[in-house]
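One structure is given below, encoded as structure tokens.
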Amino acid sequence: MRLSIYRFNPESDLKPHMQDYELAPEADDKKLLDALMRLKTIDDSLSFRRSCREGVCGSDAMNINGRNGLACLTPLAGLKEPVVLRPLPGFPVIRDLIVDMTQFFAHYHSIKPYLINDTAPPERERLQSPAEREKLNGLYECILCACCSSFCPSFWWNPDKFIGPAGLLQAYRFISDSRDTATAERLAYLDDVYRLFRCRTIMNCTEVCPKGLSPSHAIERIRQALVRESS
Amino acid sequence: MRLFLGQRAWVLQRLTALVQLFLLALGAATLLIAPPLAYERWYALATSTHGAVLIVVFFATLALHGWIGVRDIALDYVHPPFLRLAVLTVVGVILFAIVIRVVLTMAAHFAGGA
Ligand code: SF4
Ligand code: SF4
Ligand code: FES
């Protein structure tokens with residue numbers, strides 16, 4: 001198979017370039033990540049992140065033939081050749097396919113991604129009814145791969161101020177948690193022309209999420225909660 | 001300036017859109033049901049109390065809706081603070097002038113008692 005991969009070495013390159021590769025995948029190379037791992041045995045200077053190799057850690061997000069995805073979840077079969085691999089769009093490149101996620105995680109931390117509840121903790125645990133637990137489905141599964149934020153035009157224009165789909169999906173995960181008591185503060189933080197309202201419902205985020213989640217839907221629910229809160 | 005921050009601008013944008021939609025539908029219905037083909041009919045329609053108020057409301061909501069839209073575009077693409085302020089001010093003044101012009105025209109008509 002043929003691949004064309006974005007290469008950039010900050011120590012020796014002034015500009016990035018695309019490098020072509022020919023690779024003969026073996027029978028048990030099923031996913032794009034398998035091919036990349038094999039490629040690395042040929043050219044060990046090629047750099048990319050990966051860890052779990054099964055769609056759980058979120059570290060091998062990249063732009064595959066123009067679309068963000070996880071290499072480990074992308075089947076080799078059916079990929080148009082040459083397979084063009086680039087780092088996540090809109091993120092600063094550190095080296096080859098590795099991007100700097102500092103800002104992405106700063107946004108994530110800004111929404112306080114943990115349960116806030118000032119009441120005295122019960123002896124064992126804070127219980128939820130099945131219906132309350134049900135509300136977290138489609139939210140808690142996010143693996144913070146950044147495929148969505150990196151595919152969001154609003155995030156490209158204001159990456160320093162717009163929280164982005166991943167952070168907003170996480171924000172809604174805690175807003176809708178029955179055990180969390182900081183809903184009003186969370187909403188007040190999000191009621192901002194940049195943090196939340198740069199989203200234009202372009203829905204690239206939902207289209208591209210490799211876990212099948214819908215950040216744009218979560219964002220819509222935050223807006224509804226804000227309207228309810230202020231009326 | 002809380003009025004134009006975050007949520008409220010977003011709500012206003014939607015409310016003005018709804019008003020616009022309603023007025024456009026009303027206008028289209030008027031044209032279909034009783035087309036004012038002659039100038040006198042147009043004139044009478046526009047200068048009736050209802051007509052005048054609706055025309056002013058139309059232009060006012062149009063200006064507000066347009067300004068919020070331009071503001072959104074400026075927040076996305078126009079990053080230097082001075083340039084952004086300039087764009088928002090120029091567009092704001094133009095839209096405001098249009099509304100004032102419409103109000104004055106209507107007021108002149110009613111004051112003149114034509
Ligand atoms: S919402 Fe989906 S695409 Fe976005 S970070 Fe979470 S798992 Fe990745
Ligand atoms: S729906 Fe909002 S967050 Fe998602 S891609 Fe569009 S602008 Fe970005
Ligand atoms: S390697 Fe962990 S998600 Fe792909």
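Ligands are numbered from 1 in the order shown, chains are lettered A, B, ... in the order of the structure tokens, and residues start at 1 in each chain.
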
Considering only C-alpha atoms and all ligand atoms, tabulate each residue of chain A that lies at most 12 Å from ligand 3 along with its nearest interatomic pair and the corresponding distance in Å to one decimal; arrange the rows by chain and ascending residue number and present them as JSON lines.
```
{"residue": "A:Lys31", "atom": "CA", "partner": "ligand 3", "partner_atom_place_in_ligand_line": "4 (Fe)", "distance": 10.0}
{"residue": "A:Leu32", "atom": "CA", "partner": "ligand 3", "partner_atom_place_in_ligand_line": "4 (Fe)", "distance": 9.8}
{"residue": "A:Leu33", "atom": "CA", "partner": "ligand 3", "partner_atom_place_in_ligand_line": "4 (Fe)", "distance": 7.6}
{"residue": "A:Asp34", "atom": "CA", "partner": "ligand 3", "partner_atom_place_in_ligand_line": "1 (S)", "distance": 10.2}
{"residue": "A:Leu36", "atom": "CA", "partner": "ligand 3", "partner_atom_place_in_ligand_line": "1 (S)", "distance": 11.3}
{"residue": "A:Met37", "atom": "CA", "partner": "ligand 3", "partner_atom_place_in_ligand_line": "1 (S)", "distance": 11.0}
{"residue": "A:Phe48", "atom": "CA", "partner": "ligand 3", "partner_atom_place_in_ligand_line": "1 (S)", "distance": 10.0}
{"residue": "A:Arg49", "atom": "CA", "partner": "ligand 3", "partner_atom_place_in_ligand_line": "1 (S)", "distance": 7.4}
{"residue": "A:Arg50", "atom": "CA", "partner": "ligand 3", "partner_atom_place_in_ligand_line": "1 (S)", "distance": 4.1}
{"residue": "A:Ser51", "atom": "CA", "partner": "ligand 3", "partner_atom_place_in_ligand_line": "1 (S)", "distance": 4.5}
{"residue": "A:Cys52", "atom": "CA", "partner": "ligand 3", "partner_atom_place_in_ligand_line": "2 (Fe)", "distance": 3.9}
{"residue": "A:Arg53", "atom": "CA", "partner": "ligand 3", "partner_atom_place_in_ligand_line": "1 (S)", "distance": 3.6}
{"residue": "A:Glu54", "atom": "CA", "partner": "ligand 3", "partner_atom_place_in_ligand_line": "4 (Fe)", "distance": 5.4}
{"residue": "A:Gly55", "atom": "CA", "partner": "ligand 3", "partner_atom_place_in_ligand_line": "3 (S)", "distance": 3.4}
{"residue": "A:Val56", "atom": "CA", "partner": "ligand 3", "partner_atom_place_in_ligand_line": "3 (S)", "distance": 4.6}
{"residue": "A:Cys57", "atom": "CA", "partner": "ligand 3", "partner_atom_place_in_ligand_line": "2 (Fe)", "distance": 3.9}
{"residue": "A:Gly58", "atom": "CA", "partner": "ligand 3", "partner_atom_place_in_ligand_line": "3 (S)", "distance": 3.7}
{"residue": "A:Ser59", "atom": "CA", "partner": "ligand 3", "partner_atom_place_in_ligand_line": "2 (Fe)", "distance": 5.1}
{"residue": "A:Asp60", "atom": "CA", "partner": "ligand 3", "partner_atom_place_in_ligand_line": "4 (Fe)", "distance": 4.6}
{"residue": "A:Ala61", "atom": "CA", "partner": "ligand 3", "partner_atom_place_in_ligand_line": "4 (Fe)", "distance": 6.8}
{"residue": "A:Met62", "atom": "CA", "partner": "ligand 3", "partner_atom_place_in_ligand_line": "4 (Fe)", "distance": 9.8}
{"residue": "A:Gly69", "atom": "CA", "partner": "ligand 3", "partner_atom_place_in_ligand_line": "4 (Fe)", "distance": 9.0}
{"residue": "A:Leu70", "atom": "CA", "partner": "ligand 3", "partner_atom_place_in_ligand_line": "4 (Fe)", "distance": 5.2}
{"residue": "A:Ala71", "atom": "CA", "partner": "ligand 3", "partner_atom_place_in_ligand_line": "4 (Fe)", "distance": 5.9}
{"residue": "A:Cys72", "atom": "CA", "partner": "ligand 3", "partner_atom_place_in_ligand_line": "4 (Fe)", "distance": 4.4}
{"residue": "A:Leu73", "atom": "CA", "partner": "ligand 3", "partner_atom_place_in_ligand_line": "4 (Fe)", "distance": 6.6}
{"residue": "A:Thr74", "atom": "CA", "partner": "ligand 3", "partner_atom_place_in_ligand_line": "4 (Fe)", "distance": 9.2}
{"residue": "A:Cys142", "atom": "CA", "partner": "ligand 3", "partner_atom_place_in_ligand_line": "3 (S)", "distance": 11.0}
{"residue": "A:Ile143", "atom": "CA", "partner": "ligand 3", "partner_atom_place_in_ligand_line": "3 (S)", "distance": 7.9}
{"residue": "A:Leu144", "atom": "CA", "partner": "ligand 3", "partner_atom_place_in_ligand_line": "3 (S)", "distance": 9.5}
{"residue": "A:Cys145", "atom": "CA", "partner": "ligand 3", "partner_atom_place_in_ligand_line": "3 (S)", "distance": 7.3}
{"residue": "A:Ala146", "atom": "CA", "partner": "ligand 3", "partner_atom_place_in_ligand_line": "3 (S)", "distance": 10.9}
{"residue": "A:Cys147", "atom": "CA", "partner": "ligand 3", "partner_atom_place_in_ligand_line": "3 (S)", "distance": 10.9}
{"residue": "A:Cys209", "atom": "CA", "partner": "ligand 3", "partner_atom_place_in_ligand_line": "3 (S)", "distance": 12.0}
{"residue": "A:Pro210", "atom": "CA", "partner": "ligand 3", "partner_atom_place_in_ligand_line": "3 (S)", "distance": 9.3}
{"residue": "A:Lys211", "atom": "CA", "partner": "ligand 3", "partner_atom_place_in_ligand_line": "3 (S)", "distance": 9.9}
```

Inset, instruction - Taking the chain letters and numbering used in this document, name the residues of stretch 63-177 of chain A that DSSP puts in helix (DSSP H, G or I), as a ChimeraX atom specification. - result: /A:71-73,102-110,130-134,149-151,153-157,164-175

With N, CA and C atoms retained, could you export that selection as an mmCIF file, in the first residue's frame?
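Output saved as result_34.cif:
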```cif
data_model
loop_
_atom_site.group_PDB
_atom_site.id
_atom_site.type_symbol
_atom_site.label_atom_id
_atom_site.label_comp_id
_atom_site.auth_asym_id
_atom_site.auth_seq_id
_atom_site.Cartn_x
_atom_site.Cartn_y
_atom_site.Cartn_z
ATOM 1 N N ALA A 71 -6.230 6.096 14.404
ATOM 2 C CA ALA A 71 -5.598 5.125 13.505
ATOM 3 C C ALA A 71 -5.957 3.700 13.909
ATOM 4 N N CYS A 72 -6.095 3.470 15.216
ATOM 5 C CA CYS A 72 -6.340 2.113 15.693
ATOM 6 C C CYS A 72 -7.762 1.637 15.391
ATOM 7 N N LEU A 73 -8.672 2.570 15.089
ATOM 8 C CA LEU A 73 -10.047 2.154 14.784
ATOM 9 C C LEU A 73 -10.338 2.250 13.293
ATOM 10 N N THR A 102 -1.574 20.964 24.877
ATOM 11 C CA THR A 102 -1.611 21.759 26.114
ATOM 12 C C THR A 102 -2.891 22.581 26.224
ATOM 13 N N GLN A 103 -3.180 23.337 25.137
ATOM 14 C CA GLN A 103 -4.346 24.209 25.183
ATOM 15 C C GLN A 103 -5.651 23.414 25.291
ATOM 16 N N PHE A 104 -5.697 22.313 24.552
ATOM 17 C CA PHE A 104 -6.879 21.441 24.577
ATOM 18 C C PHE A 104 -7.173 20.995 26.013
ATOM 19 N N PHE A 105 -6.145 20.571 26.730
ATOM 20 C CA PHE A 105 -6.369 20.103 28.100
ATOM 21 C C PHE A 105 -6.592 21.260 29.071
ATOM 22 N N ALA A 106 -6.038 22.430 28.744
ATOM 23 C CA ALA A 106 -6.325 23.601 29.592
ATOM 24 C C ALA A 106 -7.818 23.917 29.523
ATOM 25 N N HIS A 107 -8.407 23.839 28.324
ATOM 26 C CA HIS A 107 -9.857 24.056 28.193
ATOM 27 C C HIS A 107 -10.616 23.009 28.985
ATOM 28 N N TYR A 108 -10.154 21.782 28.877
ATOM 29 C CA TYR A 108 -10.808 20.691 29.599
ATOM 30 C C TYR A 108 -10.784 20.960 31.111
ATOM 31 N N HIS A 109 -9.642 21.369 31.633
ATOM 32 C CA HIS A 109 -9.557 21.632 33.074
ATOM 33 C C HIS A 109 -10.381 22.846 33.477
ATOM 34 N N SER A 110 -10.554 23.793 32.544
ATOM 35 C CA SER A 110 -11.276 25.019 32.898
ATOM 36 C C SER A 110 -12.742 24.744 33.239
ATOM 37 N N PRO A 130 -31.634 4.709 38.172
ATOM 38 C CA PRO A 130 -31.259 4.298 36.810
ATOM 39 C C PRO A 130 -31.529 5.409 35.797
ATOM 40 N N ALA A 131 -32.607 6.169 35.988
ATOM 41 C CA ALA A 131 -32.925 7.240 35.039
ATOM 42 C C ALA A 131 -31.858 8.334 35.095
ATOM 43 N N GLU A 132 -31.405 8.647 36.302
ATOM 44 C CA GLU A 132 -30.364 9.679 36.445
ATOM 45 C C GLU A 132 -29.050 9.213 35.826
ATOM 46 N N ARG A 133 -28.748 7.952 36.036
ATOM 47 C CA ARG A 133 -27.519 7.390 35.462
ATOM 48 C C ARG A 133 -27.580 7.386 33.932
ATOM 49 N N GLU A 134 -28.782 7.108 33.433
ATOM 50 C CA GLU A 134 -29.009 7.047 31.992
ATOM 51 C C GLU A 134 -28.586 8.354 31.296
ATOM 52 N N SER A 149 -12.613 18.649 18.420
ATOM 53 C CA SER A 149 -12.161 20.042 18.527
ATOM 54 C C SER A 149 -11.265 20.413 17.357
ATOM 55 N N SER A 150 -10.438 19.466 16.929
ATOM 56 C CA SER A 150 -9.516 19.744 15.837
ATOM 57 C C SER A 150 -10.223 19.793 14.480
ATOM 58 N N PHE A 151 -11.488 19.420 14.433
ATOM 59 C CA PHE A 151 -12.246 19.451 13.176
ATOM 60 C C PHE A 151 -13.281 20.567 13.192
ATOM 61 N N PRO A 153 -14.335 24.376 12.917
ATOM 62 C CA PRO A 153 -13.876 25.678 12.416
ATOM 63 C C PRO A 153 -13.854 26.745 13.513
ATOM 64 N N SER A 154 -14.837 26.745 14.384
ATOM 65 C CA SER A 154 -14.847 27.747 15.451
ATOM 66 C C SER A 154 -13.620 27.609 16.345
ATOM 67 N N PHE A 155 -13.180 26.368 16.533
ATOM 68 C CA PHE A 155 -11.991 26.135 17.349
ATOM 69 C C PHE A 155 -10.734 26.604 16.616
ATOM 70 N N TRP A 156 -10.736 26.473 15.285
ATOM 71 C CA TRP A 156 -9.575 26.960 14.530
ATOM 72 C C TRP A 156 -9.418 28.468 14.679
ATOM 73 N N TRP A 157 -10.556 29.201 14.668
ATOM 74 C CA TRP A 157 -10.464 30.669 14.695
ATOM 75 C C TRP A 157 -10.136 31.189 16.087
ATOM 76 N N GLY A 164 -14.425 24.577 22.871
ATOM 77 C CA GLY A 164 -14.386 23.498 21.884
ATOM 78 C C GLY A 164 -15.321 22.361 22.251
ATOM 79 N N PRO A 165 -15.692 21.554 21.255
ATOM 80 C CA PRO A 165 -16.693 20.509 21.469
ATOM 81 C C PRO A 165 -16.309 19.509 22.561
ATOM 82 N N ALA A 166 -15.042 19.101 22.630
ATOM 83 C CA ALA A 166 -14.680 18.087 23.626
ATOM 84 C C ALA A 166 -14.897 18.633 25.040
ATOM 85 N N GLY A 167 -14.384 19.829 25.304
ATOM 86 C CA GLY A 167 -14.536 20.424 26.632
ATOM 87 C C GLY A 167 -16.001 20.688 26.968
ATOM 88 N N LEU A 168 -16.779 21.084 25.959
ATOM 89 C CA LEU A 168 -18.185 21.398 26.221
ATOM 90 C C LEU A 168 -18.999 20.127 26.469
ATOM 91 N N LEU A 169 -18.647 19.058 25.753
ATOM 92 C CA LEU A 169 -19.310 17.776 26.020
ATOM 93 C C LEU A 169 -19.032 17.346 27.460
ATOM 94 N N GLN A 170 -17.793 17.507 27.892
ATOM 95 C CA GLN A 170 -17.424 17.171 29.269
ATOM 96 C C GLN A 170 -18.145 18.081 30.261
ATOM 97 N N ALA A 171 -18.266 19.367 29.903
ATOM 98 C CA ALA A 171 -18.974 20.299 30.788
ATOM 99 C C ALA A 171 -20.408 19.826 30.983
ATOM 100 N N TYR A 172 -21.041 19.410 29.881
ATOM 101 C CA TYR A 172 -22.423 18.968 29.994
ATOM 102 C C TYR A 172 -22.531 17.663 30.777
ATOM 103 N N ARG A 173 -21.495 16.845 30.702
ATOM 104 C CA ARG A 173 -21.504 15.603 31.469
ATOM 105 C C ARG A 173 -21.665 15.899 32.970
ATOM 106 N N PHE A 174 -21.032 16.976 33.452
ATOM 107 C CA PHE A 174 -21.146 17.298 34.875
ATOM 108 C C PHE A 174 -22.389 18.122 35.178
ATOM 109 N N ILE A 175 -22.847 18.906 34.191
ATOM 110 C CA ILE A 175 -24.090 19.657 34.382
ATOM 111 C C ILE A 175 -25.254 18.688 34.549
#
```

Inset, instruction - At a cut-off of 7 Å, list the chain B residues touching chain A, using only C-alpha atoms, as a VMD selection string. - result: chain B and resid 5 to 7 76 to 77

Inset, instruction - Rank A:Arg86, A:Lys112, A:Arg126, A:Lys80 by their smallest atom-to-atom distance to A:Tyr189, using only C-alpha atoms, and report the top residue only. - result: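 The shortest atom-to-atom distance to A:Tyr189 comes from A:Lys112.
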
Legend entry - Residue contacts of A:Glu22 (8 Å, only C-alpha atoms) excluding same-chain residues fewer than 2 positions away, as an NGL selection string: :A and (1-3 or 20 or 24)

Inset, instruction - Identify, on the basis of only C-alpha atoms, every residue whose closest approach to stretch 51-58 of chain B does not exceed 8 Å; exclude the query and any residue fewer than 4 positions from it along the same chain; express the result as a list in words. - result: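 Listing them by chain and then by number gives Val19, Gln20, Leu23, Leu45, Ala46, Thr47, Leu62, Val99, Val102, Val103 and Met106 of chain B.
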
Legend entry - Gap from atom CA of A:Ile163 to atom CA of A:Thr201 - Å, one decimal: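 Answer for the atom CA of A:Ile163 to atom CA of A:Thr201 separation: 14.1 Å.
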